[in-house]
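Source file: start.tsv (TSV, C-alpha atoms and all ligand atoms)
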chain	number	residue	atom	x	y	z
W	22	LEU	CA	-29.24	84.74	-27.14
W	23	SER	CA	-30.59	82.10	-24.79
W	24	ILE	CA	-34.35	81.93	-25.16
W	25	GLU	CA	-36.51	83.41	-27.90
W	26	VAL	CA	-40.31	83.50	-27.67
W	27	HIS	CA	-42.13	84.06	-30.97
W	28	ILE	CA	-45.83	84.82	-30.51
W	29	LEU	CA	-47.94	82.98	-33.12
W	30	GLY	CA	-51.30	83.77	-31.55
W	31	SER	CA	-52.63	85.33	-28.37
W	32	SER	CA	-56.39	85.53	-28.78
W	33	SER	CA	-58.68	83.82	-26.30
W	34	ALA	CA	-61.59	81.57	-27.22
W	35	THR	CA	-62.30	82.79	-30.77
W	36	PRO	CA	-60.12	84.20	-33.56
W	37	VAL	CA	-61.08	87.89	-33.96
W	38	PHE	CA	-59.62	91.07	-35.48
W	39	ASP	CA	-57.03	88.94	-37.31
W	40	ARG	CA	-55.83	87.57	-34.01
W	41	HIS	CA	-55.18	83.85	-33.83
W	42	PRO	CA	-55.76	81.63	-30.80
W	43	THR	CA	-52.86	80.82	-28.55
W	44	SER	CA	-49.55	79.42	-29.72
W	45	GLN	CA	-45.88	80.33	-29.21
W	46	LEU	CA	-42.67	78.99	-30.71
W	47	ILE	CA	-39.81	78.82	-28.23
W	48	LYS	CA	-36.18	78.59	-29.26
W	49	ILE	CA	-33.97	77.56	-26.39
W	50	LEU	CA	-30.36	77.18	-27.56
W	51	HIS	CA	-30.73	75.00	-30.68
W	52	HIS	CA	-34.02	73.39	-29.61
W	53	GLN	CA	-37.42	74.42	-30.97
W	54	TYR	CA	-40.49	73.82	-28.85
W	55	LEU	CA	-44.11	74.81	-29.33
W	56	ILE	CA	-46.35	75.96	-26.49
W	57	ASP	CA	-50.05	75.45	-27.14
W	58	CYS	CA	-51.40	74.92	-30.61
W	59	GLY	CA	-54.63	76.79	-31.25
W	60	GLU	CA	-56.46	76.48	-34.56
W	61	GLY	CA	-54.36	77.79	-37.46
W	62	THR	CA	-51.01	77.31	-35.76
W	63	GLN	CA	-49.53	75.51	-38.76
W	64	MET	CA	-50.51	78.45	-41.00
W	65	GLN	CA	-48.86	80.84	-38.56
W	66	LEU	CA	-45.70	78.72	-38.48
W	67	SER	CA	-45.58	78.85	-42.27
W	68	ARG	CA	-46.30	82.60	-42.33
W	69	TYR	CA	-43.29	83.23	-40.10
W	70	ASN	CA	-41.05	80.73	-41.92
W	71	HIS	CA	-40.78	78.13	-39.20
W	72	LYS	CA	-40.34	74.50	-40.25
W	73	PRO	CA	-42.75	72.23	-38.34
W	74	ASN	CA	-40.31	69.35	-38.47
W	75	LYS	CA	-37.74	71.26	-36.46
W	76	ILE	CA	-40.13	71.23	-33.51
W	77	SER	CA	-39.20	68.35	-31.22
W	78	ARG	CA	-41.60	68.90	-28.33
W	79	ILE	CA	-45.03	70.48	-27.85
W	80	PHE	CA	-46.35	71.62	-24.48
W	81	ILE	CA	-50.15	71.91	-24.18
W	82	SER	CA	-51.54	73.84	-21.22
W	83	HIS	CA	-55.08	72.44	-21.23
W	84	LEU	CA	-57.76	70.98	-23.43
W	85	HIS	CA	-59.86	74.05	-24.17
W	86	GLY	CA	-60.05	74.32	-27.96
W	87	ASP	CA	-58.27	77.65	-28.26
W	88	HIS	CA	-55.12	75.91	-26.98
W	89	PHE	CA	-55.02	72.67	-28.98
W	90	PHE	CA	-57.45	72.58	-31.93
W	91	GLY	CA	-54.51	73.09	-34.30
W	92	LEU	CA	-52.75	69.93	-33.20
W	93	ILE	CA	-54.33	67.34	-35.50
W	94	GLY	CA	-53.58	69.51	-38.54
W	95	LEU	CA	-50.01	70.23	-37.53
W	96	VAL	CA	-49.18	66.63	-36.63
W	97	SER	CA	-50.71	65.36	-39.90
W	98	THR	CA	-48.67	67.88	-41.88
W	99	MET	CA	-45.49	66.78	-40.13
W	100	SER	CA	-46.17	63.26	-41.33
W	101	LEU	CA	-46.99	64.37	-44.89
W	102	GLN	CA	-43.72	66.30	-44.97
W	103	GLY	CA	-41.87	63.05	-44.29
W	104	ARG	CA	-40.95	63.57	-40.70
W	105	LYS	CA	-38.91	60.74	-39.22
W	106	ASN	CA	-37.80	62.27	-35.90
W	107	PRO	CA	-39.89	61.54	-32.84
W	108	LEU	CA	-42.29	64.17	-31.48
W	109	THR	CA	-43.21	64.38	-27.81
W	110	ILE	CA	-46.37	66.16	-26.72
W	111	TYR	CA	-46.88	67.02	-23.05
W	112	ALA	CA	-50.56	67.52	-22.19
W	113	PRO	CA	-53.17	66.85	-19.53
W	114	LEU	CA	-55.04	63.55	-19.52
W	115	GLY	CA	-57.32	63.03	-22.52
W	116	LEU	CA	-55.25	64.25	-25.45
W	117	LYS	CA	-54.14	60.75	-26.37
W	118	ASP	CA	-57.78	59.62	-26.67
W	119	ILE	CA	-58.71	62.64	-28.76
W	120	LEU	CA	-55.84	62.25	-31.23
W	121	SER	CA	-56.23	58.46	-31.43
W	122	LEU	CA	-59.86	58.86	-32.44
W	123	GLN	CA	-58.97	61.42	-35.10
W	124	PHE	CA	-56.22	59.18	-36.48
W	125	LYS	CA	-58.49	56.12	-36.37
W	126	TYR	CA	-61.36	57.53	-38.43
W	127	SER	CA	-59.14	59.39	-40.89
W	128	GLU	CA	-57.06	56.22	-41.26
W	129	THR	CA	-53.95	58.28	-40.63
W	130	ILE	CA	-50.77	56.38	-39.96
W	131	LEU	CA	-47.95	58.63	-38.84
W	132	ASN	CA	-44.53	57.82	-40.24
W	133	PHE	CA	-42.72	59.05	-37.12
W	134	PRO	CA	-42.95	58.07	-33.45
W	135	LEU	CA	-45.40	60.22	-31.48
W	136	TYR	CA	-45.10	60.14	-27.70
W	137	ILE	CA	-47.72	61.70	-25.46
W	138	GLU	CA	-46.66	62.44	-21.89
W	139	VAL	CA	-49.50	63.09	-19.46
W	140	VAL	CA	-48.89	66.03	-17.13
W	141	ASP	CA	-50.78	66.04	-13.82
W	142	GLU	CA	-48.25	67.80	-11.61
W	143	ALA	CA	-49.56	68.95	-8.22
W	144	SER	CA	-46.60	71.27	-7.66
W	145	LEU	CA	-43.57	72.63	-9.52
W	146	THR	CA	-41.92	69.56	-11.08
W	147	THR	CA	-39.10	69.10	-13.57
W	148	ILE	CA	-40.46	67.18	-16.56
W	149	LEU	CA	-37.46	67.51	-18.87
W	150	ASP	CA	-33.85	67.77	-17.71
W	151	LYS	CA	-31.00	68.19	-20.19
W	152	ASP	CA	-27.40	69.32	-19.70
W	153	ASP	CA	-28.06	72.85	-20.89
W	154	HIS	CA	-31.77	73.42	-20.25
W	155	GLN	CA	-34.78	72.14	-18.36
W	156	VAL	CA	-38.56	72.38	-18.42
W	157	GLU	CA	-40.76	72.44	-15.32
W	158	CYS	CA	-44.52	72.02	-15.10
W	159	PHE	CA	-46.85	73.47	-12.47
W	160	PRO	CA	-50.61	73.56	-11.93
W	161	LEU	CA	-52.73	76.60	-12.75
W	162	SER	CA	-56.27	77.19	-11.56
W	163	HIS	CA	-58.83	77.05	-14.37
W	164	ARG	CA	-62.20	75.43	-15.11
W	165	ILE	CA	-60.53	72.22	-16.29
W	166	PRO	CA	-57.07	70.86	-15.39
W	167	CYS	CA	-54.54	73.38	-16.68
W	168	TYR	CA	-50.75	73.60	-16.42
W	169	GLY	CA	-48.03	76.17	-16.84
W	170	TYR	CA	-44.50	75.51	-18.02
W	171	ARG	CA	-41.17	77.12	-17.19
W	172	PHE	CA	-38.23	76.85	-19.58
W	173	THR	CA	-34.78	77.43	-18.14
W	174	ARG	CA	-31.47	77.75	-19.92
W	175	LYS	CA	-29.05	76.56	-17.27
W	176	GLN	CA	-25.90	78.40	-16.42
W	177	ALA	CA	-23.05	76.89	-18.42
W	178	ALA	CA	-20.03	75.43	-16.62
W	179	PRO	CA	-17.47	78.11	-15.72
W	180	SER	CA	-14.80	78.49	-18.37
W	181	LEU	CA	-11.20	77.87	-17.38
W	182	ILE	CA	-8.53	80.56	-17.72
W	183	LYS	CA	-5.82	78.34	-19.18
W	184	ASP	CA	-2.71	80.34	-18.25
W	185	ARG	CA	-3.76	80.43	-14.60
W	186	LEU	CA	-4.04	76.65	-14.26
W	187	PRO	CA	-1.29	74.76	-12.44
W	188	GLU	CA	1.08	72.83	-14.69
W	189	ASN	CA	0.31	69.15	-15.28
W	190	ILE	CA	-3.21	69.50	-13.90
W	191	SER	CA	-5.11	66.21	-14.00
W	192	VAL	CA	-8.32	65.62	-15.93
W	193	GLN	CA	-10.10	64.91	-12.63
W	194	ASP	CA	-9.02	68.28	-11.26
W	195	ILE	CA	-10.25	70.05	-14.39
W	196	ILE	CA	-13.64	68.38	-13.95
W	197	GLN	CA	-13.70	69.51	-10.29
W	198	LEU	CA	-13.00	73.12	-11.30
W	199	LYS	CA	-15.58	73.05	-14.09
W	200	GLN	CA	-18.15	71.88	-11.55
W	201	GLY	CA	-17.29	74.91	-9.43
W	202	HIS	CA	-15.26	73.09	-6.73
W	203	ASN	CA	-11.93	74.20	-5.24
W	204	LEU	CA	-9.01	71.78	-5.43
W	205	VAL	CA	-7.87	70.37	-2.08
W	206	ASN	CA	-4.82	68.30	-1.12
W	207	ASP	CA	-4.79	65.16	1.04
W	208	GLU	CA	-4.70	67.29	4.18
W	209	GLY	CA	-7.88	69.04	3.12
W	210	GLU	CA	-6.16	72.36	2.38
W	211	VAL	CA	-7.29	74.33	-0.65
W	212	THR	CA	-4.56	74.34	-3.28
W	213	VAL	CA	-6.49	76.09	-6.06
W	214	TYR	CA	-9.52	78.31	-5.60
W	215	CYS	CA	-12.02	77.81	-8.41
W	216	LYS	CA	-12.73	81.54	-8.62
W	217	ASP	CA	-9.05	82.27	-9.27
W	218	VAL	CA	-8.79	80.13	-12.39
W	219	THR	CA	-12.25	80.33	-13.94
W	220	GLN	CA	-14.51	83.02	-15.28
W	221	PRO	CA	-18.25	82.81	-14.71
W	222	THR	CA	-20.55	82.31	-17.68
W	223	GLN	CA	-23.93	83.92	-18.32
W	224	GLU	CA	-26.40	83.26	-15.50
W	225	ALA	CA	-29.33	80.91	-15.94
W	226	VAL	CA	-32.39	82.55	-17.53
W	227	SER	CA	-35.97	81.36	-17.65
W	228	TYR	CA	-39.34	81.91	-19.29
W	229	ALA	CA	-42.58	80.98	-17.52
W	230	TYR	CA	-45.86	80.53	-19.37
W	231	CYS	CA	-49.11	80.93	-17.40
W	232	SER	CA	-52.32	80.61	-19.40
W	233	ASP	CA	-55.24	80.16	-18.51
W	234	THR	CA	-55.72	80.87	-14.84
W	235	ILE	CA	-57.73	82.69	-12.24
W	236	TYR	CA	-55.67	85.22	-10.24
W	237	THR	CA	-53.26	83.09	-8.20
W	238	PRO	CA	-50.96	85.26	-6.03
W	239	SER	CA	-48.98	82.20	-4.87
W	240	LEU	CA	-47.50	81.87	-8.39
W	241	SER	CA	-45.16	84.76	-7.52
W	242	GLU	CA	-43.49	82.74	-4.78
W	243	LEU	CA	-43.58	79.47	-6.73
W	244	LEU	CA	-41.82	80.97	-9.76
W	245	LYS	CA	-39.52	83.41	-7.97
W	246	GLY	CA	-36.36	84.07	-9.95
W	247	THR	CA	-38.04	83.79	-13.37
W	248	THR	CA	-36.64	86.20	-15.97
W	249	LEU	CA	-39.55	86.58	-18.39
W	250	LEU	CA	-43.21	85.84	-17.59
W	251	TYR	CA	-46.18	85.37	-19.89
W	252	HIS	CA	-49.39	85.71	-17.90
W	253	GLU	CA	-52.86	85.69	-19.34
W	254	SER	CA	-54.76	88.96	-19.08
W	255	THR	CA	-58.07	88.13	-20.68
W	256	PHE	CA	-59.85	91.18	-19.25
W	257	THR	CA	-59.33	94.67	-17.84
W	258	LYS	CA	-60.24	95.21	-14.20
W	259	GLU	CA	-63.69	96.57	-15.01
W	260	TYR	CA	-64.56	92.91	-15.81
W	261	GLU	CA	-62.89	91.49	-12.71
W	262	SER	CA	-65.98	89.58	-11.58
W	263	ARG	CA	-66.32	88.08	-15.05
W	264	ALA	CA	-62.63	87.11	-14.92
W	265	GLN	CA	-63.23	85.41	-11.60
W	266	SER	CA	-66.34	83.50	-12.68
W	267	THR	CA	-64.64	82.23	-15.86
W	268	PHE	CA	-61.31	81.44	-14.09
W	269	HIS	CA	-59.35	84.08	-15.95
W	270	SER	CA	-57.25	87.09	-14.87
W	271	THR	CA	-57.24	90.82	-15.45
W	272	ALA	CA	-54.26	92.85	-16.67
W	273	GLU	CA	-53.89	94.34	-13.21
W	274	GLN	CA	-53.77	90.89	-11.63
W	275	ALA	CA	-51.18	89.68	-14.17
W	276	ALA	CA	-49.05	92.72	-13.33
W	277	LEU	CA	-49.32	92.05	-9.59
W	278	VAL	CA	-48.12	88.48	-10.11
W	279	ALA	CA	-45.19	89.73	-12.23
W	280	LYS	CA	-44.24	92.48	-9.79
W	281	ASN	CA	-44.22	90.15	-6.79
W	282	MET	CA	-42.35	87.48	-8.75
W	283	GLY	CA	-39.61	90.00	-9.49
W	284	VAL	CA	-39.40	89.26	-13.23
W	285	LYS	CA	-37.60	91.49	-15.71
W	286	LYS	CA	-40.49	91.66	-18.16
W	287	LEU	CA	-44.16	90.65	-18.40
W	288	LEU	CA	-45.94	89.57	-21.58
W	289	LEU	CA	-49.71	90.00	-21.58
W	290	GLY	CA	-51.90	87.78	-23.74
W	291	HIS	CA	-55.03	85.65	-24.19
W	292	PHE	CA	-57.02	88.76	-25.07
W	293	SER	CA	-60.81	88.66	-24.92
W	294	ALA	CA	-62.74	89.25	-28.14
W	295	ARG	CA	-64.31	92.30	-26.51
W	296	TYR	CA	-61.09	94.31	-27.07
W	297	LYS	CA	-60.35	95.52	-30.58
W	298	ASP	CA	-57.92	98.07	-29.18
W	299	LEU	CA	-55.59	96.35	-26.72
W	300	SER	CA	-53.91	99.45	-25.31
W	301	PRO	CA	-56.17	99.61	-22.20
W	302	ILE	CA	-54.81	96.19	-21.20
W	303	GLN	CA	-51.20	97.34	-21.45
W	304	ASP	CA	-51.95	100.67	-19.74
W	305	GLU	CA	-53.64	98.95	-16.84
W	306	ALA	CA	-50.74	96.53	-16.31
W	307	ARG	CA	-48.12	99.31	-16.52
W	308	GLN	CA	-49.78	101.15	-13.65
W	309	ILE	CA	-48.59	98.27	-11.48
W	310	PHE	CA	-45.61	96.89	-13.39
W	311	PRO	CA	-43.97	99.22	-15.95
W	312	TYR	CA	-42.22	96.47	-17.90
W	313	SER	CA	-45.46	95.02	-19.26
W	314	PHE	CA	-45.87	94.36	-22.99
W	315	LEU	CA	-48.63	93.04	-25.23
W	316	ALA	CA	-47.85	89.64	-26.74
W	317	ILE	CA	-48.92	90.62	-30.24
W	318	GLU	CA	-48.60	87.84	-32.79
W	319	GLY	CA	-45.51	88.12	-34.97
W	320	GLN	CA	-43.50	89.70	-32.18
W	321	LYS	CA	-40.40	88.09	-30.73
W	322	PHE	CA	-39.20	88.49	-27.19
W	323	CYS	CA	-35.63	87.47	-26.41
W	324	ILE	CA	-33.67	86.81	-23.27
A	1	ZN	ZN	-57.94	79.89	-23.41
A	2	ZN	ZN	-59.17	77.82	-21.02

Kindly return the structure encoded in the file as structure tokens.
Ligand SMILES: [Zn+2]
Ligand SMILES: [Zn+2]
Amino acid sequence: LSIEVHILGSSSATPVFDRHPTSQLIKILHHQYLIDCGEGTQMQLSRYNHKPNKISRIFISHLHGDHFFGLIGLVSTMSLQGRKNPLTIYAPLGLKDILSLQFKYSETILNFPLYIEVVDEASLTTILDKDDHQVECFPLSHRIPCYGYRFTRKQAAPSLIKDRLPENISVQDIIQLKQGHNLVNDEGEVTVYCKDVTQPTQEAVSYAYCSDTIYTPSLSELLKGTTLLYHESTFTKEYESRAQSTFHSTAEQAALVAKNMGVKKLLLGHFSARYKDLSPIQDEARQIFPYSFLAIEGQKFCI
């Protein structure tokens, strides 16, 4: 298991029909990250037995309330629970001012370091790069500055087949092989082919999160190679003009983006309050892209 996406909420704008506003808990290897933090996120974390203090980073798409109104509550709880580990929040410009004001007038002093990183990426940019995983940020097109994030579990170094290695192999040569290079002698001739003495590990896998955005066909090219895509589908196509005027997408448009991106699976979310029954959204997307699923809260999607 490389990446697990646990849906904590996928309602747009207002909480209706027991659906909470947007939030997702991502497990990538042993790291726990939160994407968006709509109102009630800390209750949802508790309902699904997640410990807030295991979350090391939070990625906020934009500053519409349905994506971050839960933040002050969650961060305050982390402090009350005795958190000591630092927390980093990635968000568009303005979040620092908002939180500072809330902390100031509630006289809240956090007992852990809180770092806020401003995202204002104009194109796909790596914002976190670790040995085993990375996070990229990219702009979406919405009424206010809004960003998507892609989480990638990198391909691990090839593993060596010990009994095929030459005797007395040096540490430097082992490093070369683990980096995927052949071994060459002083004359430049290959003495050991990497593929002969190593076995490949699981390929890199990725999860891209796109909410909220007007239909943006160029995302398919930008995020080509993504394994799992979450794309907002606030409306069905009968409300396409409403989607356009509010800078949202329809299920059909989300499916077109997924199909052209070549992903394995599409998660649909950010459902409008006008839909009690969500099946028309899934049906519409499946007409275009059969591997489309509703991101219902409580559900987990694994890569
Ligand atoms: Zn929204
Ligand atoms: Zn929005």

Surrounding residues of W:Tyr69 excluding itself and chain neighbours under 4 positions, 12 Å, all atoms listed in the file, as a list of chain:residue names: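 Non-adjacent residues within range: W:His27, W:Ile28, W:Leu29, W:Gly30, W:Gln45, W:Leu46, W:Thr62, W:Gln63, W:Met64, W:Gln65, W:Pro73, W:Glu318, W:Gly319, W:Gln320, W:Lys321.
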
Length of the atom CA of W:His85 to atom CA of W:Met282 vector [Å]: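 Atom CA of W:His85 sits 26.9 Å away from atom CA of W:Met282.
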
Residue nearest W:Ser270 - candidates W:Leu161, W:Leu22, W:Asp194, W:Phe322, atoms counted: all atoms listed in the file: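 Among W:Leu161, W:Leu22, W:Asp194, W:Phe322, it is W:Leu161 that comes nearest to W:Ser270.
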
Within-12 Å residues of ligand ZN 1 (chain A), basis all atoms listed in the file, as a ChimeraX atom specification: /W:30-36,41-44,57-60,81-90,163-165,167-168,231-235,252-255,267-270,290-294

Residue list as number ranges by chain for point (-37.2, 76.0, -18.3), cut-off 6 Å, all atoms listed in the file: W: 155-157, 171-173, 227

Selection near stretch 111-118 of chain W, 7 Å with all atoms listed in the file, sequence-local residues under 5 positions removed, as number ranges by chain: W: 79-83, 137-141, 166

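Within 9 Å of the point (-51.7, 61.2, -36.7), counting all atoms listed in the file, the protein and nucleic acid residues come to Ile93, Gly94, Val96, Ser97, Thr98, Ser100, Leu120, Ser121, Gln123, Phe124, Lys125, Ser127, Glu128, Thr129, Ile130, Leu131, Asn132 and Leu135 of chain W.
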
Selection from above, C-alpha atoms, as a tab-separated table (two decimals), in the coordinates of the input, can you write it?
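Result saved to again.tsv:
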chain	number	residue	atom	x	y	z
W	93	ILE	CA	-54.33	67.34	-35.50
W	94	GLY	CA	-53.58	69.51	-38.54
W	96	VAL	CA	-49.18	66.63	-36.63
W	97	SER	CA	-50.71	65.36	-39.90
W	98	THR	CA	-48.67	67.88	-41.88
W	100	SER	CA	-46.17	63.26	-41.33
W	120	LEU	CA	-55.84	62.25	-31.23
W	121	SER	CA	-56.23	58.46	-31.43
W	123	GLN	CA	-58.97	61.42	-35.10
W	124	PHE	CA	-56.22	59.18	-36.48
W	125	LYS	CA	-58.49	56.12	-36.37
W	127	SER	CA	-59.14	59.39	-40.89
W	128	GLU	CA	-57.06	56.22	-41.26
W	129	THR	CA	-53.95	58.28	-40.63
W	130	ILE	CA	-50.77	56.38	-39.96
W	131	LEU	CA	-47.95	58.63	-38.84
W	132	ASN	CA	-44.53	57.82	-40.24
W	135	LEU	CA	-45.40	60.22	-31.48

Atom-to-atom span, atom CA of W:Leu277 and atom CA of W:Ile56, Å: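 Between atom CA of W:Leu277 and atom CA of W:Ile56 the gap works out to 23.5 Å.
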
Minimum-distance residue to W:Val284, chosen among W:Lys258, W:Lys216, W:Lys245, W:Arg263 (using all atoms listed in the file): W:Lys245

Skip W:Cys215 itself and residues of its chain fewer than 2 positions away, then list as a PDB file with C-alpha atoms, in the frame of the given file all residues within 8 Å of it, counting all atoms listed in the file.
ATOM      1  CA  LEU W 198     -13.000  73.120 -11.300  1.00  0.00           C
ATOM      2  CA  GLY W 201     -17.290  74.910  -9.430  1.00  0.00           C
ATOM      3  CA  HIS W 202     -15.260  73.090  -6.730  1.00  0.00           C
ATOM      4  CA  ASN W 203     -11.930  74.200  -5.240  1.00  0.00           C
ATOM      5  CA  LEU W 204      -9.010  71.780  -5.430  1.00  0.00           C
ATOM      6  CA  VAL W 213      -6.490  76.090  -6.060  1.00  0.00           C
ATOM      7  CA  ASP W 217      -9.050  82.270  -9.270  1.00  0.00           C
ATOM      8  CA  VAL W 218      -8.790  80.130 -12.390  1.00  0.00           C
ATOM      9  CA  THR W 219     -12.250  80.330 -13.940  1.00  0.00           C
TER      10      THR W 219
END

W:Leu289 environment, 9 Å, all atoms listed in the file, sequence neighbours closer than 4 positions dropped, as a ChimeraX atom specification: /W:31,250-255,272,275-276,302-303,306,313-317
